[in-house]
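run11.cif follows; it contains mmCIF, C-alpha atoms.
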```
data_run
#
loop_
_atom_site.label_atom_id
_atom_site.label_comp_id
_atom_site.auth_asym_id
_atom_site.auth_seq_id
_atom_site.Cartn_x
_atom_site.Cartn_y
_atom_site.Cartn_z
CA MET P 15 -15.31 70.78 80.29
CA ASN P 16 -17.20 69.83 83.42
CA CYS P 17 -18.01 66.39 84.85
CA SER P 18 -21.60 66.19 83.59
CA GLU P 19 -20.46 66.83 80.01
CA SER P 20 -17.63 64.40 80.48
CA GLU P 21 -19.98 61.69 81.80
CA VAL P 22 -21.73 61.64 78.43
CA LEU P 23 -18.69 62.26 76.24
CA ILE P 24 -16.55 59.46 77.70
CA HIS P 25 -18.91 57.04 75.94
CA ALA P 26 -18.38 58.76 72.62
CA LEU P 27 -14.66 58.60 73.35
CA LEU P 28 -14.84 54.85 74.06
CA ASP P 29 -16.85 54.29 70.90
CA GLY P 30 -14.41 56.26 68.75
CA GLU P 31 -17.11 58.78 67.83
CA LEU P 32 -15.30 61.95 68.87
CA ASP P 33 -13.17 64.00 66.54
CA ALA P 34 -9.56 64.54 67.53
CA GLY P 35 -10.12 68.01 69.01
CA HIS P 36 -12.92 66.98 71.34
CA ALA P 37 -11.26 63.68 72.23
CA HIS P 38 -8.34 65.81 73.35
CA GLU P 39 -10.64 68.01 75.47
CA VAL P 40 -12.20 65.01 77.17
CA GLU P 41 -8.79 63.49 77.80
CA ALA P 42 -7.58 66.78 79.26
CA HIS P 43 -10.53 66.72 81.68
CA LEU P 44 -9.83 63.09 82.56
CA THR P 45 -6.23 63.76 83.54
CA GLY P 46 -7.44 66.30 86.10
CA CYS P 47 -10.48 64.35 87.34
CA SER P 48 -9.96 61.01 89.05
CA ASN P 49 -13.70 60.46 89.35
CA CYS P 50 -14.31 60.69 85.60
CA SER P 51 -11.20 58.72 84.69
CA ALA P 52 -12.33 55.93 87.05
CA LYS P 53 -15.69 55.92 85.26
CA LEU P 54 -13.98 55.69 81.90
CA ALA P 55 -11.97 52.68 83.10
CA MET P 56 -15.13 51.06 84.47
CA PHE P 57 -17.14 51.52 81.28
CA ARG P 58 -14.22 50.38 79.16
CA GLU P 59 -14.11 47.16 81.17
CA MET P 60 -17.87 46.70 80.82
CA ARG P 61 -17.82 47.35 77.10
CA GLN P 62 -15.00 44.85 76.74
CA ALA P 63 -16.97 42.21 78.65
CA MET P 64 -20.02 42.85 76.51
CA SER P 65 -18.18 42.60 73.24
CA GLU P 66 -16.58 39.32 74.35
CA THR P 67 -19.78 37.68 75.48
CA ASN P 68 -22.70 39.23 73.64
CA ARG P 69 -22.46 38.90 69.95
CA ALA P 70 -25.40 38.83 67.58
CA GLU P 71 -27.52 35.71 67.97
CA SER P 72 -27.95 33.24 65.16
CA ALA P 73 -31.41 33.31 63.73
CA PRO P 74 -33.04 29.86 63.87
CA ALA P 75 -32.80 27.90 60.61
CA HIS P 76 -36.58 27.57 60.35
CA LEU P 77 -36.91 31.39 60.43
CA ARG P 78 -34.48 31.69 57.54
CA GLN P 79 -36.49 29.10 55.61
CA ARG P 80 -39.77 30.88 56.38
CA ILE P 81 -38.37 34.17 55.10
CA GLU P 82 -36.84 32.59 51.98
CA ALA P 83 -40.20 31.01 51.22
CA ALA P 84 -42.14 34.20 51.87
CA VAL P 85 -39.80 36.25 49.67
CA ALA P 86 -39.97 33.67 46.88
CA SER P 87 -43.74 33.56 47.11
CA ALA P 88 -44.04 37.35 47.11
CA ALA P 89 -41.77 37.50 44.06
CA LYS P 90 -43.88 35.09 42.01
CA PRO P 91 -46.60 36.45 39.72
CA GLN P 92 -49.79 35.95 41.66
CA THR P 93 -53.30 35.49 40.44
CA SER P 94 -54.92 36.48 43.72
CA PRO P 95 -52.14 38.35 45.45
CA ALA P 96 -53.52 39.84 48.64
CA PRO P 97 -55.33 36.89 50.29
CA SER P 98 -52.68 34.29 49.53
CA LEU P 99 -49.92 36.46 50.94
CA ALA P 100 -51.85 37.43 54.06
CA ALA P 101 -52.82 33.82 54.64
CA ARG P 102 -49.19 32.83 54.86
CA LEU P 103 -48.48 35.24 57.66
CA LYS P 104 -50.15 35.04 60.98
CA PHE P 105 -48.34 38.20 62.11
CA TRP P 106 -49.28 40.30 59.10
CA PRO P 107 -52.96 41.08 59.79
CA ARG P 108 -52.52 42.20 63.37
CA VAL P 109 -49.54 44.35 62.56
CA ARG P 110 -51.36 46.00 59.68
CA ARG P 111 -54.15 47.05 62.00
CA SER P 112 -51.84 48.85 64.37
CA PHE P 113 -49.36 50.23 61.88
CA PHE P 114 -50.28 53.89 62.26
CA GLY P 115 -50.21 53.89 66.01
CA GLY P 116 -46.69 52.61 66.04
CA PHE P 117 -44.28 55.04 67.57
CA ALA P 118 -45.74 55.74 71.00
CA ALA P 119 -43.27 53.65 72.93
CA GLY P 120 -40.27 55.27 71.32
CA ALA P 121 -41.45 58.78 72.12
CA VAL P 122 -41.47 58.24 75.87
CA LEU P 123 -37.92 59.32 76.53
CA SER P 124 -37.18 61.64 73.64
CA ALA P 125 -38.77 64.56 75.46
CA ALA P 126 -36.71 63.89 78.55
CA ALA P 127 -33.42 63.66 76.71
CA ALA P 128 -31.81 67.04 76.42
CA ALA P 129 -30.98 68.11 72.89
CA ILE P 130 -27.47 69.01 73.87
CA LEU P 131 -25.00 70.54 71.50
CA PHE P 132 -23.11 67.33 71.01
CA ILE P 133 -23.96 67.10 67.33
CA ALA P 134 -21.22 69.58 66.58
CA VAL P 135 -18.54 67.57 68.35
CA VAL P 136 -19.22 64.22 66.78
CA HIS P 137 -16.89 63.23 64.02
CA ASP P 138 -18.72 64.46 60.97
CA ASP P 139 -18.97 61.97 58.10
CA GLN P 140 -20.14 64.63 55.72
CA ALA P 141 -17.27 66.98 56.51
CA GLN P 142 -14.89 64.06 55.93
CA ARG P 143 -16.48 63.20 52.61
CA ILE P 144 -16.35 66.79 51.40
CA ALA P 145 -12.72 67.11 52.48
CA GLY P 146 -12.03 64.00 50.37
CA ASP P 147 -13.89 65.58 47.44
CA VAL P 148 -11.89 68.76 47.77
CA VAL P 149 -8.57 66.93 47.70
CA SER P 150 -9.68 64.93 44.64
CA ALA P 151 -10.66 68.16 42.88
CA HIS P 152 -7.27 69.64 43.78
CA LEU P 153 -5.51 66.57 42.36
CA ARG P 154 -7.54 66.76 39.14
CA SER P 155 -6.62 70.42 38.78
CA LEU P 156 -2.91 69.56 38.85
CA GLN P 157 -3.20 67.50 35.69
CA ALA P 158 -2.15 69.33 32.55
CA GLY P 159 -4.75 71.69 31.18
CA HIS P 160 -7.16 71.32 34.10
CA LEU P 161 -5.95 74.09 36.36
CA THR P 162 -7.87 77.09 35.08
CA ASP P 163 -10.75 78.00 32.79
CA VAL P 164 -9.77 81.64 32.97
CA GLU P 165 -6.06 82.25 33.33
CA THR P 166 -5.00 85.69 34.44
CA SER P 167 -3.43 87.34 37.43
CA ASP P 168 -5.95 90.20 37.18
CA ARG P 169 -8.65 89.70 39.78
CA HIS P 170 -10.90 92.15 37.91
CA THR P 171 -10.98 89.61 35.09
CA VAL P 172 -11.38 86.49 37.22
CA LYS P 173 -14.23 87.69 39.40
CA PRO P 174 -16.61 88.78 36.57
CA TRP P 175 -15.84 85.53 34.74
CA PHE P 176 -17.69 83.60 37.45
CA ASN P 177 -20.78 85.77 37.15
CA GLY P 178 -23.56 83.95 35.36
CA ARG P 179 -21.76 80.63 35.70
CA LEU P 180 -22.55 80.12 39.37
CA ASP P 181 -25.16 81.05 41.94
CA VAL P 182 -22.43 82.53 44.12
CA SER P 183 -20.01 85.34 43.49
CA PRO P 184 -16.72 84.07 44.90
CA PRO P 185 -14.37 86.66 46.33
CA VAL P 186 -11.19 87.00 44.30
CA VAL P 187 -8.58 88.94 46.24
CA ASP P 188 -5.14 90.26 45.40
CA LEU P 189 -2.58 88.66 47.69
CA SER P 190 0.54 89.39 45.64
CA ALA P 191 1.88 91.61 48.43
CA GLU P 192 1.69 88.60 50.77
CA GLY P 193 3.54 86.45 48.26
CA PHE P 194 0.57 84.56 46.78
CA ALA P 195 0.11 85.21 43.07
CA LEU P 196 -3.32 84.84 41.50
CA VAL P 197 -3.23 82.24 38.71
CA GLY P 198 -6.86 82.18 37.61
CA GLY P 199 -10.21 80.55 38.19
CA ARG P 200 -12.26 77.61 37.02
CA LEU P 201 -15.49 75.76 37.67
CA ASP P 202 -15.18 72.52 39.57
CA GLU P 203 -17.40 70.09 41.39
CA VAL P 204 -17.42 69.47 45.14
CA ASN P 205 -20.08 67.49 47.01
CA GLY P 206 -22.07 67.14 43.79
CA GLU P 207 -22.35 70.94 43.40
CA THR P 208 -20.75 73.18 40.85
CA THR P 209 -18.20 75.12 42.79
CA ALA P 210 -15.87 78.04 42.12
CA ALA P 211 -12.15 77.32 42.34
CA VAL P 212 -9.78 80.26 42.64
CA VAL P 213 -6.14 79.34 42.11
CA TYR P 214 -3.08 80.95 43.68
CA ARG P 215 0.60 80.12 43.56
CA ARG P 216 3.50 80.51 45.98
CA ARG P 217 6.85 79.42 44.60
CA GLN P 218 6.07 76.14 42.83
CA HIS P 219 3.10 75.32 45.05
CA LEU P 220 -0.48 75.74 43.87
CA ILE P 221 -3.33 76.57 46.20
CA ASN P 222 -6.92 75.87 45.23
CA VAL P 223 -9.61 77.81 47.07
CA PHE P 224 -13.02 76.21 46.59
CA VAL P 225 -15.98 78.48 47.26
CA ALA P 226 -19.56 77.27 47.64
CA ARG P 227 -22.75 78.70 49.03
CA HIS P 228 -22.99 77.79 52.72
CA LEU P 229 -25.83 75.31 53.02
CA GLY P 230 -26.02 75.35 56.78
CA HIS P 231 -24.15 72.13 57.40
CA ASN P 232 -22.15 72.70 60.49
CA LEU P 233 -18.74 71.79 59.14
CA GLY P 234 -16.89 74.02 61.57
CA GLU P 235 -13.45 75.45 61.07
CA THR P 236 -11.14 72.56 60.37
CA SER P 237 -7.65 71.86 59.33
CA GLU P 238 -6.31 68.50 58.33
CA ALA P 239 -3.85 66.66 56.18
CA ARG P 240 -5.02 64.20 53.55
CA HIS P 241 -2.87 62.23 51.13
CA GLY P 242 -0.05 64.68 51.80
CA PHE P 243 -2.16 67.77 51.16
CA ASN P 244 -3.22 70.29 53.74
CA VAL P 245 -6.90 71.20 53.77
CA ARG P 246 -8.44 74.11 55.64
CA HIS P 247 -12.12 74.88 55.81
CA TRP P 248 -13.86 77.96 57.09
CA THR P 249 -17.20 79.72 56.70
CA GLN P 250 -17.42 83.44 56.02
CA SER P 251 -20.06 85.80 54.62
CA GLY P 252 -22.49 82.94 53.98
CA LEU P 253 -19.94 81.00 51.94
CA ASP P 254 -17.97 77.84 52.60
CA PHE P 255 -14.27 77.97 51.78
CA TRP P 256 -11.81 75.12 51.42
CA ALA P 257 -8.16 75.84 50.76
CA VAL P 258 -6.05 72.89 49.57
CA SER P 259 -2.36 72.81 48.86
CA ASP P 260 0.87 70.92 49.32
CA ILE P 261 2.50 73.93 51.01
CA ASN P 262 3.13 73.45 54.71
CA THR P 263 0.49 74.04 57.36
CA ALA P 264 1.93 77.33 58.57
CA GLU P 265 1.99 78.79 55.08
CA LEU P 266 -1.52 77.57 54.32
CA ASN P 267 -2.73 79.16 57.56
CA GLU P 268 -1.01 82.37 56.57
CA PHE P 269 -2.70 82.21 53.17
CA CYS P 270 -6.15 81.59 54.66
CA GLN P 271 -5.77 84.45 57.15
CA SER P 272 -4.66 86.83 54.41
CA PHE P 273 -7.49 85.69 52.14
CA ALA P 274 -10.15 86.03 54.84
CA ALA P 275 -8.83 89.45 55.87
CA ALA P 276 -8.78 90.78 52.30
CA MET P 277 -12.41 89.87 51.58
CA MET Q 10 -46.86 45.95 44.66
CA PRO Q 11 -44.66 47.50 41.98
CA ALA Q 12 -42.28 45.13 40.22
CA SER Q 13 -42.43 42.63 43.06
CA ASP Q 14 -43.09 39.80 40.59
CA ASP Q 15 -39.54 40.11 39.40
CA PRO Q 16 -37.31 37.16 40.34
CA GLU Q 17 -34.18 39.22 39.63
CA ARG Q 18 -35.31 41.85 42.10
CA ALA Q 19 -36.06 39.16 44.68
CA ARG Q 20 -32.58 37.73 44.18
CA ARG Q 21 -30.97 41.14 44.70
CA PHE Q 22 -33.12 41.61 47.77
CA ARG Q 23 -32.09 38.27 49.27
CA GLU Q 24 -28.41 38.95 48.63
CA ALA Q 25 -28.61 42.40 50.19
CA THR Q 26 -30.70 41.60 53.25
CA LEU Q 27 -30.25 37.96 54.29
CA PRO Q 28 -26.66 38.50 55.52
CA HIS Q 29 -28.23 40.73 58.21
CA LEU Q 30 -30.79 38.20 59.39
CA ASP Q 31 -28.88 37.41 62.60
CA ASP Q 32 -28.62 41.10 63.44
CA ALA Q 33 -32.32 41.59 62.82
CA TYR Q 34 -33.25 38.56 64.89
CA THR Q 35 -31.04 39.71 67.77
CA LEU Q 36 -32.56 43.19 67.81
CA ALA Q 37 -36.08 41.75 67.72
CA ARG Q 38 -35.26 39.39 70.59
CA TYR Q 39 -34.17 42.30 72.74
CA LEU Q 40 -36.98 44.64 71.74
CA LEU Q 41 -39.87 42.18 72.00
CA ARG Q 42 -38.43 39.84 74.66
CA ASP Q 43 -40.31 36.88 73.21
CA PRO Q 44 -38.81 34.42 70.72
CA ALA Q 45 -42.00 33.68 68.80
CA ASP Q 46 -42.90 37.36 68.50
CA ALA Q 47 -39.34 38.12 67.45
CA GLU Q 48 -39.55 35.59 64.61
CA ASP Q 49 -42.87 37.00 63.46
CA ALA Q 50 -41.53 40.54 63.59
CA VAL Q 51 -38.41 39.64 61.58
CA GLN Q 52 -40.51 37.94 58.93
CA GLU Q 53 -42.85 40.91 58.74
CA CYS Q 54 -39.82 43.20 58.51
CA TYR Q 55 -38.42 41.27 55.55
CA LEU Q 56 -41.73 41.38 53.69
CA ARG Q 57 -42.09 45.11 54.26
CA ALA Q 58 -38.48 45.61 53.22
CA LEU Q 59 -39.10 43.63 50.02
CA HIS Q 60 -42.17 45.74 49.34
CA HIS Q 61 -40.19 48.97 49.78
CA PHE Q 62 -36.93 47.69 48.32
CA ASP Q 63 -37.21 50.07 45.35
CA SER Q 64 -37.23 53.05 47.68
CA TYR Q 65 -34.03 51.93 49.38
CA ARG Q 66 -31.21 54.34 48.63
CA GLY Q 67 -27.98 54.58 50.41
CA PRO Q 68 -24.67 53.13 51.21
CA SER Q 69 -25.60 50.70 53.95
CA ILE Q 70 -28.68 48.52 53.96
CA ARG Q 71 -28.37 47.37 57.57
CA PRO Q 72 -29.65 50.58 59.25
CA TRP Q 73 -32.49 50.74 56.72
CA LEU Q 74 -33.52 47.17 57.44
CA LEU Q 75 -33.26 47.58 61.21
CA ALA Q 76 -35.32 50.80 61.06
CA ILE Q 77 -38.13 48.81 59.41
CA LEU Q 78 -37.79 46.12 62.05
CA ARG Q 79 -37.97 48.68 64.82
CA ASN Q 80 -41.22 50.07 63.35
CA VAL Q 81 -42.68 46.57 63.23
CA CYS Q 82 -41.69 45.93 66.86
CA HIS Q 83 -43.15 49.24 68.01
CA ALA Q 84 -46.36 48.56 66.14
CA GLU Q 85 -46.57 45.25 67.92
CA PHE Q 86 -46.10 46.99 71.29
CA ALA Q 87 -48.76 49.55 70.45
CA ARG Q 88 -51.13 46.74 69.51
CA ARG Q 89 -50.53 45.01 72.83
CA ALA Q 90 -51.04 48.28 74.69
CA ARG Q 91 -54.35 49.00 72.97
CA GLN Q 92 -55.84 45.57 73.65
CA PRO Q 93 -55.67 45.22 77.43
CA GLN Q 94 -58.75 42.99 77.49
CA VAL Q 95 -56.87 40.33 75.54
CA PRO Q 96 -54.80 38.36 78.03
CA VAL Q 97 -51.18 39.03 77.12
CA ARG Q 98 -48.45 36.94 78.60
CA ASN Q 99 -46.79 38.78 81.43
CA VAL Q 100 -43.34 39.21 80.03
CA THR Q 101 -41.49 40.19 83.18
CA GLU Q 102 -42.81 37.27 85.23
CA ASP Q 103 -42.03 34.83 82.48
CA ALA Q 104 -38.60 36.34 82.07
CA ALA Q 105 -37.86 35.64 85.70
CA GLU Q 106 -38.94 32.02 85.38
CA GLN Q 107 -37.32 31.04 82.12
CA PRO Q 108 -33.88 31.51 80.68
CA LEU Q 109 -34.07 34.25 78.09
CA TRP Q 110 -32.07 32.41 75.53
CA GLN Q 111 -32.10 28.68 74.97
CA GLU Q 112 -28.56 27.71 74.18
CA PRO Q 113 -26.59 24.51 74.35
CA PRO Q 114 -24.48 24.72 77.51
CA PRO Q 115 -20.81 25.23 76.63
CA SER Q 116 -18.52 22.37 77.58
CA PRO Q 117 -15.04 23.75 78.43
CA GLU Q 118 -14.81 25.28 81.87
CA ALA Q 119 -13.37 28.59 80.67
CA ASP Q 120 -16.47 29.05 78.58
CA LEU Q 121 -18.71 28.38 81.53
CA LEU Q 122 -17.83 31.65 83.23
CA ARG Q 123 -18.23 33.55 80.00
CA HIS Q 124 -21.55 31.86 79.41
CA ARG Q 125 -22.73 32.86 82.87
CA ASP Q 126 -21.65 36.47 82.27
CA ALA Q 127 -23.33 36.56 78.87
CA GLN Q 128 -26.60 35.31 80.36
CA ALA Q 129 -26.38 37.87 83.17
CA ILE Q 130 -25.68 40.73 80.77
CA ARG Q 131 -28.57 39.70 78.52
CA ARG Q 132 -30.94 39.57 81.45
CA LEU Q 133 -29.83 43.01 82.65
CA VAL Q 134 -30.03 44.56 79.17
CA ILE Q 135 -33.52 43.08 78.72
CA ALA Q 136 -34.57 44.75 81.98
CA LEU Q 137 -33.63 48.26 80.77
CA PRO Q 138 -36.42 50.66 79.72
CA ALA Q 139 -37.20 50.25 76.00
CA PRO Q 140 -35.61 53.47 74.65
CA LEU Q 141 -32.37 52.82 76.54
CA ARG Q 142 -32.32 49.12 75.68
CA GLU Q 143 -32.74 49.89 71.99
CA VAL Q 144 -29.76 52.25 71.93
CA ILE Q 145 -27.40 49.97 73.83
CA VAL Q 146 -28.32 46.92 71.71
CA LEU Q 147 -27.84 48.85 68.47
CA ARG Q 148 -24.49 50.19 69.66
CA ASP Q 149 -22.88 47.39 71.66
CA ILE Q 150 -24.39 44.30 70.05
CA ASN Q 151 -25.37 45.34 66.51
CA ASP Q 152 -22.27 47.57 66.39
CA LEU Q 153 -23.86 50.53 64.59
CA SER Q 154 -22.49 54.07 64.54
CA TYR Q 155 -24.18 56.88 66.50
CA ARG Q 156 -25.37 58.40 63.26
CA GLU Q 157 -26.99 55.15 62.12
CA ILE Q 158 -28.63 54.72 65.53
CA ALA Q 159 -30.00 58.28 65.35
CA GLU Q 160 -31.58 57.44 61.99
CA ILE Q 161 -33.07 54.18 63.18
CA ALA Q 162 -34.42 55.54 66.47
CA ARG Q 163 -35.46 58.84 64.81
CA VAL Q 164 -33.86 60.97 67.47
CA PRO Q 165 -31.11 63.60 67.35
CA LEU Q 166 -27.52 62.51 67.78
CA GLY Q 167 -27.34 64.22 71.18
CA THR Q 168 -30.23 62.06 72.36
CA VAL Q 169 -28.43 58.91 71.23
CA MET Q 170 -25.42 59.98 73.26
CA SER Q 171 -27.34 60.84 76.42
CA ARG Q 172 -29.43 57.65 76.21
CA LEU Q 173 -26.36 55.53 75.71
CA ALA Q 174 -24.69 57.13 78.74
CA ARG Q 175 -27.79 56.46 80.86
CA ALA Q 176 -28.18 52.92 79.53
CA ARG Q 177 -24.59 52.02 80.36
CA ALA Q 178 -24.77 53.67 83.78
CA MET Q 179 -27.95 51.73 84.65
CA LEU Q 180 -26.51 48.50 83.30
CA ARG Q 181 -23.34 49.00 85.31
CA ALA Q 182 -25.29 49.72 88.51
CA ALA Q 183 -27.42 46.59 88.00
CA TRP Q 184 -24.32 44.54 87.25
CA ASN Q 185 -22.62 45.76 90.45
CA LEU Q 186 -25.66 44.70 92.47
CA GLU Q 187 -25.59 41.31 90.79
CA GLU Q 188 -21.90 40.77 91.57
CA GLU Q 189 -22.38 41.79 95.19
CA SER Q 190 -25.20 39.32 95.64
CA THR Q 191 -23.32 36.43 94.02
CA SER Q 192 -20.01 36.95 95.81
#
```
Could I get this structure in the form of structure tokens?
Amino acid sequence: MNCSESEVLIHALLDGELDAGHAHEVEAHLTGCSNCSAKLAMFREMRQAMSETNRAESAPAHLRQRIEAAVASAAKPQTSPAPSLAARLKFWPRVRRSFFGGFAAGAVLSAAAAAILFIAVVHDDQAQRIAGDVVSAHLRSLQAGHLTDVETSDRHTVKPWFNGRLDVSPPVVDLSAEGFALVGGRLDEVNGETTAAVVYRRRQHLINVFVARHLGHNLGETSEARHGFNVRHWTQSGLDFWAVSDINTAELNEFCQSFAAAM
Amino acid sequence: MPASDDPERARRFREATLPHLDDAYTLARYLLRDPADAEDAVQECYLRALHHFDSYRGPSIRPWLLAILRNVCHAEFARRARQPQVPVRNVTEDAAEQPLWQEPPPSPEADLLRHRDAQAIRRLVIALPAPLREVIVLRDINDLSYREIAEIARVPLGTVMSRLARARAMLRAAWNLEEESTS
């Protein structure tokens, strides 16, 4: 990371908008760069001063009353709706006239601002939500009778079972040599989409692999722990994969590497 | 106006949106720099929001409401820009003459310093170019996330980040100048 990247990213760091990995990168740069770390301290102080002094203003009471009255009047059945409403609002007619020319002022700087690659580094709400979904689906699967729709250790039975039930053909690989036994497959739901779940077992631990068509969301390759479960995501061959289990991180990594290699 | 003559709908609307009136008013104050225009813009925003309330979907109503307000404020700016023959109050000159916010002066002495700082920060934020001012107000005063700001300002997330960095750097430079001149 160089100083010009850091100058922008320290703000995201201050605002808590960086994910752990990139926060770590920025912090690593800061330890080696006294200039940038002085800037961080300066902006932290400024942000602190702003949050202490500049809170949202209270709207005047008469404005609240005006709006209450206008909303109440707009909500009443009206015999001659348009004129009576417009008459109440001195601002309304002039704004209406200029409504379609509205965005000029906002466009001034957007061209100048570089569309840098920062989108990928910002803590992704969607990735978080899907990870939550995946863990919930894993938990549901652990309840009696919910683990598999097709229960067999023969991958040549599991894979065709998905055909016609999904718009993706999930890879079902044999990892028995690596110590992961195939348990079966089922249909599940992740992120509102019907998703394939392929189930493996090592010792008493179950591993759910959720497979969905990659929709182009940049979820990246991630690994995290949620509610005591380890979750790993990766994208391969146009598909998104999430592996969830209560086995330890090292074993889940081993599983994911074996799975990805066997595809 | 579909279903707008429904008192139940109006009640839901009031409950969802009126808690954010202070936020809306604050943003309008900073964007339009004129108290009377800010009040008009907020009222217009609430009427438009009521009109489009049925199309509101989503977890948080505040960014939705503030996006409408921002459109109203920009429309007002565009109107001013297109009517140069109409004498428009010179905002910057007025801003130099009058305090930007009329507030009761705080009594305890500790508050006095804070009050002075708050006034100085407001004046400096108000002086920022509109696209930078908007981002810093939404982030540091309205306390919205980068993603929400990107939606409201209709720019990519990277643009929010670079604008915020520039806004804070300009604000800091102006603040340093201010402190040098007062000390």
Chain P contacts on chain Q, all atoms listed in the file, 8 Å, as a compact mmCIF listing (two decimals) with C-alpha atoms, in the frame of the given file:
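Heads up, here's the output in selection-v9.txt:
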```
# COMPACT_ATOMS: atom_id res chain seq x y z
CA SER Q 13 -42.43 42.63 43.06
CA ASP Q 14 -43.09 39.80 40.59
CA ASP Q 15 -39.54 40.11 39.40
CA PRO Q 16 -37.31 37.16 40.34
CA ALA Q 19 -36.06 39.16 44.68
CA ARG Q 23 -32.09 38.27 49.27
CA LEU Q 30 -30.79 38.20 59.39
CA ASP Q 31 -28.88 37.41 62.60
CA ASP Q 32 -28.62 41.10 63.44
CA TYR Q 34 -33.25 38.56 64.89
CA THR Q 35 -31.04 39.71 67.77
CA GLU Q 48 -39.55 35.59 64.61
CA ASP Q 49 -42.87 37.00 63.46
CA ALA Q 50 -41.53 40.54 63.59
CA GLN Q 52 -40.51 37.94 58.93
CA GLU Q 53 -42.85 40.91 58.74
CA TYR Q 55 -38.42 41.27 55.55
CA LEU Q 56 -41.73 41.38 53.69
CA LEU Q 59 -39.10 43.63 50.02
CA ASN Q 80 -41.22 50.07 63.35
CA VAL Q 81 -42.68 46.57 63.23
CA HIS Q 83 -43.15 49.24 68.01
CA ALA Q 84 -46.36 48.56 66.14
CA GLU Q 85 -46.57 45.25 67.92
CA PHE Q 86 -46.10 46.99 71.29
CA ALA Q 87 -48.76 49.55 70.45
CA ARG Q 88 -51.13 46.74 69.51
CA ARG Q 123 -18.23 33.55 80.00
CA HIS Q 124 -21.55 31.86 79.41
CA ASP Q 126 -21.65 36.47 82.27
CA ALA Q 127 -23.33 36.56 78.87
CA ILE Q 130 -25.68 40.73 80.77
CA ARG Q 131 -28.57 39.70 78.52
CA ALA Q 139 -37.20 50.25 76.00
CA PRO Q 140 -35.61 53.47 74.65
CA ASP Q 149 -22.88 47.39 71.66
CA ILE Q 150 -24.39 44.30 70.05
CA ASN Q 151 -25.37 45.34 66.51
CA SER Q 154 -22.49 54.07 64.54
CA TYR Q 155 -24.18 56.88 66.50
CA ALA Q 162 -34.42 55.54 66.47
CA VAL Q 164 -33.86 60.97 67.47
CA PRO Q 165 -31.11 63.60 67.35
CA LEU Q 166 -27.52 62.51 67.78
CA GLY Q 167 -27.34 64.22 71.18
CA THR Q 168 -30.23 62.06 72.36
CA MET Q 170 -25.42 59.98 73.26
CA SER Q 171 -27.34 60.84 76.42
CA ARG Q 172 -29.43 57.65 76.21
CA LEU Q 173 -26.36 55.53 75.71
CA ALA Q 174 -24.69 57.13 78.74
CA ARG Q 177 -24.59 52.02 80.36
CA ARG Q 181 -23.34 49.00 85.31
```
Item to check | Picked residues, the PyMOL selection byres ((chain P and resi 208) around 10), expected as a ChimeraX atom specification | outcome: /P:179-181,201-207,209-211,225-226
Item to check | stretch 70-76 of chain Q environment, 10 Å, only C-alpha atoms, sequence neighbours closer than 3 positions dropped, as a ChimeraX atom specification | outcome: /Q:25-26,28-30,32-34,36-37,51,54-55,57-59,62,65-67,79-82,147,151,153-154,156-163
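The two atoms in question, atom CA of P:Gln157 and atom CA of P:Asp260, are spaced 14.6 Å apart.
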Checklist entry - Using the chain letters and numbers from the file, which residues does the PyMOL selection byres ((chain P and resi 148) around 10) grab, as a VMD selection string? => result chain P and resid 142 to 147 149 to 154 202 to 205 222 to 224 245 256 to 258
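Shell of P:His38 at 12 Å, with only C-alpha atoms counted and residues fewer than 4 places along the chain excluded, is Met15, Ser20, Leu23, Ile24, Leu27, Leu32, Asp33, Ala34, Ala42, His43, Leu44, Thr45 and Val135 of chain P.
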Item to check | Target residues per the PyMOL selection byres ((chain Q and resi 183) around 12), formatted as number ranges by chain | outcome: P: 60; Q: 129-137, 176-182, 184-190
